[in-house]
Amino acid sequence: MSRYCFLLQVRPERITEYRARHREVWPEMLRALRDTGWRNYSLFLRPDGLLVGYVESDDLTVAQAAMAGTEVNARWQREMAPFFTALEGRPPDEGFLLLEEVFHLEDQLA
């Protein structure tokens, strides 16, 4: 299992609604994420809209491709796209700015 961290930018004027949407993610979207290999998935939001995501997966590219093949993901991405800046026409789940992991405590202790 690999760990992935990514950034996106939520439009500051949409933060309240973005938070509300994530309190009530559609059950079929949650199941699709689980079934396509997304594990330990969390989102963290700064007051200025900087969104930091963390997910574990055997292969994020494969997990993203599997999600892209689901109808529920297409609907979710269409609805969520207006919340973000700098996507350049891509759906939010293709606009991740992946960060390089430079330290992990358990790896160091091993």
# chains A, B, ... in the order shown; residues from 1 in each chain; ligands from 1
$ select_by_dssp --residues "range 30-109 of chain A" --states "alpha helix (DSSP H)" --output "PyMOL selection string"
chain A and resi 30-35+60-68+71-80+105-109
$ residues_around --residues "Ser57 in chain A" --least-positions-apart "4" --cutoff "7 Å" --atoms "only C-alpha atoms" --output "VMD selection string"
chain A and resid 1 to 3 37 to 39
$ write_last_selection --atoms "N, CA and C atoms" --output "PDB file, in the first residue's frame"
ATOM      1  N   MET A   1       0.861  -1.177   0.000  1.00  0.00           N
ATOM      2  CA  MET A   1       0.000   0.000   0.000  1.00  0.00           C
ATOM      3  C   MET A   1       0.904   1.235   0.000  1.00  0.00           C
ATOM      4  N   SER A   2       0.625   2.159  -0.885  1.00  0.00           N
ATOM      5  CA  SER A   2       1.379   3.408  -0.955  1.00  0.00           C
ATOM      6  C   SER A   2       0.547   4.554  -0.402  1.00  0.00           C
ATOM      7  N   ARG A   3       1.234   5.584   0.053  1.00  0.00           N
ATOM      8  CA  ARG A   3       0.591   6.787   0.592  1.00  0.00           C
ATOM      9  C   ARG A   3       0.724   7.913  -0.428  1.00  0.00           C
ATOM     10  N   GLY A  37     -10.376   0.933  -4.604  1.00  0.00           N
ATOM     11  CA  GLY A  37      -9.043   0.888  -4.009  1.00  0.00           C
ATOM     12  C   GLY A  37      -8.575   2.113  -3.258  1.00  0.00           C
ATOM     13  N   TRP A  38      -9.478   3.039  -2.934  1.00  0.00           N
ATOM     14  CA  TRP A  38      -9.120   4.206  -2.123  1.00  0.00           C
ATOM     15  C   TRP A  38      -9.239   3.807  -0.657  1.00  0.00           C
ATOM     16  N   ARG A  39      -8.167   3.956   0.106  1.00  0.00           N
ATOM     17  CA  ARG A  39      -8.158   3.573   1.515  1.00  0.00           C
ATOM     18  C   ARG A  39      -7.662   4.741   2.369  1.00  0.00           C
TER      19      ARG A  39
END
$ closest_atom_pairs --of "range 43-77 of chain A" --to "range 99-104 of chain A" --cutoff "12 Å" --atoms "only C-alpha atoms" --output "CSV"
residue,atom,partner,partner_atom,distance
A:Val52,CA,A:Leu99,CA,9.8
A:Gly53,CA,A:Leu99,CA,9.9
A:Tyr54,CA,A:Leu99,CA,10.0
A:Val55,CA,A:Leu99,CA,11.8
$ write_last_selection --atoms "C-alpha atoms" --output "compact mmCIF listing (two decimals), in the first residue's frame"
# COMPACT_ATOMS: atom_id res chain seq x y z
CA VAL A 52 -4.83 18.82 1.30
CA GLY A 53 -5.84 15.27 0.50
CA TYR A 54 -4.35 12.05 1.79
CA VAL A 55 -5.11 8.58 0.49
$ residues_around --residues "range 77-85 of chain A" --least-positions-apart "5" --cutoff "8 Å" --atoms "only C-alpha atoms" --output "PyMOL selection string"
chain A and resi 8-11+14-15+18+91-93
$ write_last_selection --atoms "N, CA, C and O atoms" --output "short mmCIF file (atom, residue, chain, number, x, y, z; two decimals), in the first residue's frame"
data_model
loop_
_atom_site.label_atom_id
_atom_site.label_comp_id
_atom_site.auth_asym_id
_atom_site.auth_seq_id
_atom_site.Cartn_x
_atom_site.Cartn_y
_atom_site.Cartn_z
N LEU A 8 -5.28 20.80 -3.79
CA LEU A 8 -6.22 21.46 -4.69
C LEU A 8 -6.58 22.79 -4.03
O LEU A 8 -6.33 22.97 -2.84
N GLN A 9 -7.18 23.70 -4.78
CA GLN A 9 -7.57 24.99 -4.22
C GLN A 9 -9.08 25.18 -4.37
O GLN A 9 -9.60 25.23 -5.48
N VAL A 10 -9.76 25.26 -3.23
CA VAL A 10 -11.20 25.52 -3.22
C VAL A 10 -11.40 27.03 -3.28
O VAL A 10 -10.68 27.80 -2.62
N ARG A 11 -12.36 27.45 -4.06
CA ARG A 11 -12.69 28.88 -4.13
C ARG A 11 -13.14 29.35 -2.74
O ARG A 11 -14.06 28.75 -2.16
N ARG A 14 -16.72 29.53 -1.78
CA ARG A 14 -17.50 28.28 -1.83
C ARG A 14 -17.15 27.32 -0.68
O ARG A 14 -17.65 26.20 -0.64
N ILE A 15 -16.30 27.77 0.25
CA ILE A 15 -15.82 26.88 1.31
C ILE A 15 -16.96 26.33 2.17
O ILE A 15 -17.01 25.14 2.46
N TYR A 18 -18.74 23.74 0.25
CA TYR A 18 -17.85 22.59 0.05
C TYR A 18 -17.85 21.71 1.30
O TYR A 18 -17.97 20.48 1.22
N PRO A 91 -11.49 17.42 -14.54
CA PRO A 91 -12.30 17.20 -13.34
C PRO A 91 -11.39 17.28 -12.11
O PRO A 91 -10.18 17.07 -12.21
N PRO A 92 -11.95 17.59 -10.95
CA PRO A 92 -11.12 17.74 -9.75
C PRO A 92 -10.23 16.54 -9.46
O PRO A 92 -9.07 16.71 -9.06
N ASP A 93 -10.72 15.32 -9.68
CA ASP A 93 -9.91 14.15 -9.35
C ASP A 93 -8.77 13.91 -10.34
O ASP A 93 -7.95 13.03 -10.15
#
$ closest_residue --among "A:Ala65, A:Glu71, A:Arg90, A:Leu50" --to "Leu7 in chain A" --atoms "only C-alpha atoms"
A:Leu50
$ closest_residue --among "A:Arg75, A:Phe96, A:Ala66, A:Glu88" --to "Tyr4 in chain A" --atoms "only C-alpha atoms"
A:Phe96
